[in-house]
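Colleague: Here's a structure for you.
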Amino acid sequence: MTAIFPDESGFIQNQRYRARDLSAEQLEAFSGVVAILTVLSDEWKAIQAWARLAPVAAQSSTENRAEAVEAIEKVVLTVEAVNPRGARKLFTSADYPEFTIPGAAAMEFFRQFTDSLSISA
């Protein structure tokens, strides 16, 4: 896994991680993200995935019979895949709602790397 991020000066940095660099909890969270990629057909193989925090619209409770829509921050994936003929395609959460990952574990996993990288860069 490679984390790519802008440092405080705006320069793009990257940090590589191997499975042995991750804790058991991080590996479990990462495996959950990888499992989501299995929704691609056998024809398409993921070669690169990007994770980012993005505001996602969510309906909240109704008051006076009017529904309120609020934005909740979630981890969202974009996946680049290739097929056997060499064609490339980007798959997004618009294509696959499973690429929007809710939950505290996904947010914690994402922030584990992005928060610590931006501070140490």
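Naming works like this for the structure tokens: A, B, ... for the chains as they're shown, residue 1 at the start of each chain, ligands 1 onward in shown order.
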Find the spatial neighbours of A:Ala3, counting only C-alpha atoms, within a cut-off of 7 Å - ignore same-chain residues fewer than 4 positions away - and output them as a list in words.

Modeller: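 Non-adjacent residues within range: Asn14, Gln15 and Arg16 of chain A.
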
Colleague: Within 10 Å of A:Ala105, counting only C-alpha atoms, which residues show up once you throw out same-chain ones fewer than 5 positions away? Write them as number ranges by chain, please.

Modeller: A: 25-26, 28-30, 32, 110-111

Colleague: Please produce a file of those selected residues containing C-alpha atoms, as a tab-separated table (two decimals), in the first residue's frame.

Modeller:
```tsv
chain	number	residue	atom	x	y	z
A	25	GLU	CA	-6.28	-4.35	13.33
A	26	GLN	CA	-5.01	-2.39	10.32
A	28	GLU	CA	-8.18	-6.57	9.14
A	29	ALA	CA	-9.51	-3.16	8.04
A	30	PHE	CA	-7.38	-3.25	4.88
A	32	GLY	CA	-12.19	-5.46	4.35
A	110	PHE	CA	-7.90	6.04	6.70
A	111	ARG	CA	-6.99	8.62	9.32
```

Colleague: List the spatial neighbours of stretch 36-50 of chain A as a list in words - criterion: any atom at most 8 Å away, only C-alpha atoms, same-chain residues fewer than 4 positions off excluded.

Modeller: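 Contacts, in chain order: Gly32, Leu77, Thr78, Val79, Glu80, Ala81, Val82, Asn83, Pro84, Glu98 and Phe99 of chain A.
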
Colleague: Please produce an output containing N, CA, C and O atoms for each residue in the selection, written as a short mmCIF file (atom, residue, chain, number, x, y, z; two decimals), in the first residue's frame.

Modeller:
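Okay, this is what ended up in again.cif:
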```
data_model
loop_
_atom_site.label_atom_id
_atom_site.label_comp_id
_atom_site.auth_asym_id
_atom_site.auth_seq_id
_atom_site.Cartn_x
_atom_site.Cartn_y
_atom_site.Cartn_z
N GLY A 32 -10.79 -5.81 4.62
CA GLY A 32 -12.19 -5.46 4.35
C GLY A 32 -12.32 -4.58 3.13
O GLY A 32 -13.23 -4.76 2.31
N LEU A 77 -13.92 4.84 -2.43
CA LEU A 77 -12.90 4.25 -3.30
C LEU A 77 -13.14 4.60 -4.76
O LEU A 77 -14.27 4.69 -5.21
N THR A 78 -12.06 4.77 -5.49
CA THR A 78 -12.05 4.81 -6.95
C THR A 78 -11.04 3.75 -7.37
O THR A 78 -9.94 3.70 -6.83
N VAL A 79 -11.43 2.89 -8.30
CA VAL A 79 -10.59 1.76 -8.68
C VAL A 79 -10.29 1.81 -10.17
O VAL A 79 -11.20 1.96 -10.99
N GLU A 80 -9.01 1.70 -10.50
CA GLU A 80 -8.60 1.55 -11.90
C GLU A 80 -8.43 0.06 -12.16
O GLU A 80 -7.77 -0.65 -11.40
N ALA A 81 -9.05 -0.41 -13.24
CA ALA A 81 -8.99 -1.84 -13.56
C ALA A 81 -8.66 -2.02 -15.03
O ALA A 81 -8.87 -1.12 -15.85
N VAL A 82 -8.11 -3.18 -15.36
CA VAL A 82 -7.81 -3.54 -16.76
C VAL A 82 -8.48 -4.86 -17.07
O VAL A 82 -8.77 -5.66 -16.19
N ASN A 83 -8.75 -5.07 -18.38
CA ASN A 83 -9.28 -6.35 -18.80
C ASN A 83 -8.22 -7.07 -19.63
O ASN A 83 -7.17 -6.49 -19.93
N PRO A 84 -8.45 -8.32 -20.03
CA PRO A 84 -7.42 -9.09 -20.76
C PRO A 84 -7.00 -8.46 -22.09
O PRO A 84 -5.92 -8.74 -22.59
N GLU A 98 -20.97 -0.06 -3.10
CA GLU A 98 -20.10 -0.72 -2.11
C GLU A 98 -18.78 0.01 -1.95
O GLU A 98 -18.06 -0.20 -0.99
N PHE A 99 -18.42 0.85 -2.92
CA PHE A 99 -17.16 1.60 -2.85
C PHE A 99 -17.25 2.78 -1.89
O PHE A 99 -16.28 3.48 -1.68
#
```

Colleague: Distance atom CA of A:Leu27-atom CA of A:Pro55, one decimal place?

Modeller: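 Taking atom CA of A:Leu27 and atom CA of A:Pro55, their separation equals 25.1 Å.
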
Colleague: Among chain A, which residues does DSSP mark as strand (DSSP E or B) when it is run on the backbone? Keep the chain and numbering as in the structure and answer as JSON, numbers by chain.

Modeller: {"A": [2, 3, 4, 5, 6, 12, 13, 14, 15, 16, 45, 46, 47, 48, 49, 50, 51, 52, 53, 54, 55, 56, 57, 58, 59, 60, 61, 62, 63, 66, 67, 68, 69, 70, 71, 72, 73, 74, 75, 76, 77, 78, 79, 80, 81, 82, 88, 89, 90, 91, 100, 101]}

Colleague: Can you pull out every residue within 10 Å of A:Val75, counting only C-alpha atoms, but drop anything in the same chain fewer than 4 positions away, and send it as a list in words?

Modeller: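 These residues fall inside the cut-off: Val33, Trp50, Ala51, Arg52, Leu53, Ala54, Pro55, Val56, Phe99, Thr100, Ile101, Pro102, Gly103, Ala104, Ala106, Met107, Glu108, Phe109, Phe110 and Arg111 of chain A.
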
Colleague: Hey, can you spit out that residue selection with N, CA and C atoms as a PDB file, in the first residue's frame?

Modeller:
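New file selection-v6.pdb:
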```
ATOM      1  N   VAL A  33     -11.402  -3.640   2.979  1.00  0.00           N
ATOM      2  CA  VAL A  33     -11.413  -2.778   1.787  1.00  0.00           C
ATOM      3  C   VAL A  33     -11.122  -3.597   0.542  1.00  0.00           C
ATOM      4  N   TRP A  50      -7.817   4.129  -5.131  1.00  0.00           N
ATOM      5  CA  TRP A  50      -7.617   5.361  -4.375  1.00  0.00           C
ATOM      6  C   TRP A  50      -8.704   5.430  -3.318  1.00  0.00           C
ATOM      7  N   ALA A  51      -8.329   5.802  -2.120  1.00  0.00           N
ATOM      8  CA  ALA A  51      -9.284   6.014  -1.038  1.00  0.00           C
ATOM      9  C   ALA A  51      -9.202   7.474  -0.636  1.00  0.00           C
ATOM     10  N   ARG A  52     -10.355   8.064  -0.412  1.00  0.00           N
ATOM     11  CA  ARG A  52     -10.385   9.455   0.030  1.00  0.00           C
ATOM     12  C   ARG A  52     -11.586   9.652   0.943  1.00  0.00           C
ATOM     13  N   LEU A  53     -11.518  10.659   1.763  1.00  0.00           N
ATOM     14  CA  LEU A  53     -12.679  11.026   2.561  1.00  0.00           C
ATOM     15  C   LEU A  53     -13.531  11.949   1.717  1.00  0.00           C
ATOM     16  N   ALA A  54     -14.816  11.689   1.695  1.00  0.00           N
ATOM     17  CA  ALA A  54     -15.711  12.515   0.888  1.00  0.00           C
ATOM     18  C   ALA A  54     -17.038  12.683   1.622  1.00  0.00           C
ATOM     19  N   PRO A  55     -17.642  13.845   1.493  1.00  0.00           N
ATOM     20  CA  PRO A  55     -18.971  14.018   2.089  1.00  0.00           C
ATOM     21  C   PRO A  55     -20.000  13.253   1.246  1.00  0.00           C
ATOM     22  N   VAL A  56     -20.826  12.461   1.910  1.00  0.00           N
ATOM     23  CA  VAL A  56     -21.855  11.681   1.244  1.00  0.00           C
ATOM     24  C   VAL A  56     -23.192  12.099   1.824  1.00  0.00           C
ATOM     25  N   PHE A  99     -18.418   0.855  -2.922  1.00  0.00           N
ATOM     26  CA  PHE A  99     -17.161   1.596  -2.854  1.00  0.00           C
ATOM     27  C   PHE A  99     -17.252   2.781  -1.895  1.00  0.00           C
ATOM     28  N   THR A 100     -18.427   3.020  -1.322  1.00  0.00           N
ATOM     29  CA  THR A 100     -18.583   3.989  -0.241  1.00  0.00           C
ATOM     30  C   THR A 100     -18.608   3.181   1.039  1.00  0.00           C
ATOM     31  N   ILE A 101     -17.581   3.344   1.856  1.00  0.00           N
ATOM     32  CA  ILE A 101     -17.402   2.486   3.021  1.00  0.00           C
ATOM     33  C   ILE A 101     -17.786   3.260   4.278  1.00  0.00           C
ATOM     34  N   PRO A 102     -18.895   2.878   4.891  1.00  0.00           N
ATOM     35  CA  PRO A 102     -19.305   3.549   6.121  1.00  0.00           C
ATOM     36  C   PRO A 102     -18.593   2.935   7.323  1.00  0.00           C
ATOM     37  N   GLY A 103     -18.719   3.581   8.414  1.00  0.00           N
ATOM     38  CA  GLY A 103     -18.248   2.973   9.657  1.00  0.00           C
ATOM     39  C   GLY A 103     -16.995   3.587  10.215  1.00  0.00           C
ATOM     40  N   ALA A 104     -16.924   3.483  11.517  1.00  0.00           N
ATOM     41  CA  ALA A 104     -15.806   4.066  12.255  1.00  0.00           C
ATOM     42  C   ALA A 104     -14.488   3.365  11.941  1.00  0.00           C
ATOM     43  N   ALA A 106     -13.391   2.039   9.119  1.00  0.00           N
ATOM     44  CA  ALA A 106     -12.829   2.531   7.855  1.00  0.00           C
ATOM     45  C   ALA A 106     -12.260   3.936   8.030  1.00  0.00           C
ATOM     46  N   MET A 107     -12.975   4.778   8.764  1.00  0.00           N
ATOM     47  CA  MET A 107     -12.494   6.139   8.999  1.00  0.00           C
ATOM     48  C   MET A 107     -11.207   6.121   9.820  1.00  0.00           C
ATOM     49  N   GLU A 108     -11.171   5.280  10.838  1.00  0.00           N
ATOM     50  CA  GLU A 108      -9.981   5.185  11.681  1.00  0.00           C
ATOM     51  C   GLU A 108      -8.782   4.685  10.876  1.00  0.00           C
ATOM     52  N   PHE A 109      -9.021   3.678  10.022  1.00  0.00           N
ATOM     53  CA  PHE A 109      -7.952   3.139   9.184  1.00  0.00           C
ATOM     54  C   PHE A 109      -7.414   4.229   8.257  1.00  0.00           C
ATOM     55  N   PHE A 110      -8.302   4.966   7.606  1.00  0.00           N
ATOM     56  CA  PHE A 110      -7.905   6.039   6.697  1.00  0.00           C
ATOM     57  C   PHE A 110      -7.121   7.111   7.438  1.00  0.00           C
ATOM     58  N   ARG A 111      -7.636   7.544   8.566  1.00  0.00           N
ATOM     59  CA  ARG A 111      -6.988   8.618   9.321  1.00  0.00           C
ATOM     60  C   ARG A 111      -5.668   8.185   9.947  1.00  0.00           C
TER      61      ARG A 111
END
```

Colleague: Which of these residues is nearest to A:Ser31, using only C-alpha atoms: A:Ile72, A:Ile12, A:Ala58, A:Met1?

Modeller: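 Distance minimum relative to A:Ser31 lands on A:Met1.
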
Colleague: To one decimal place in Å, what is the distance between atom CA of A:Val76 and atom CA of A:Gln13?

Modeller: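 Pair atom CA of A:Val76 / atom CA of A:Gln13 returns 20.8 Å.
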
Colleague: If you run DSSP on this backbone, which residues of stretch 22-107 of chain A come out as helix (DSSP H, G or I), and could you give them as a ChimeraX atom specification?

Modeller: /A:24-39,97-99,104-107
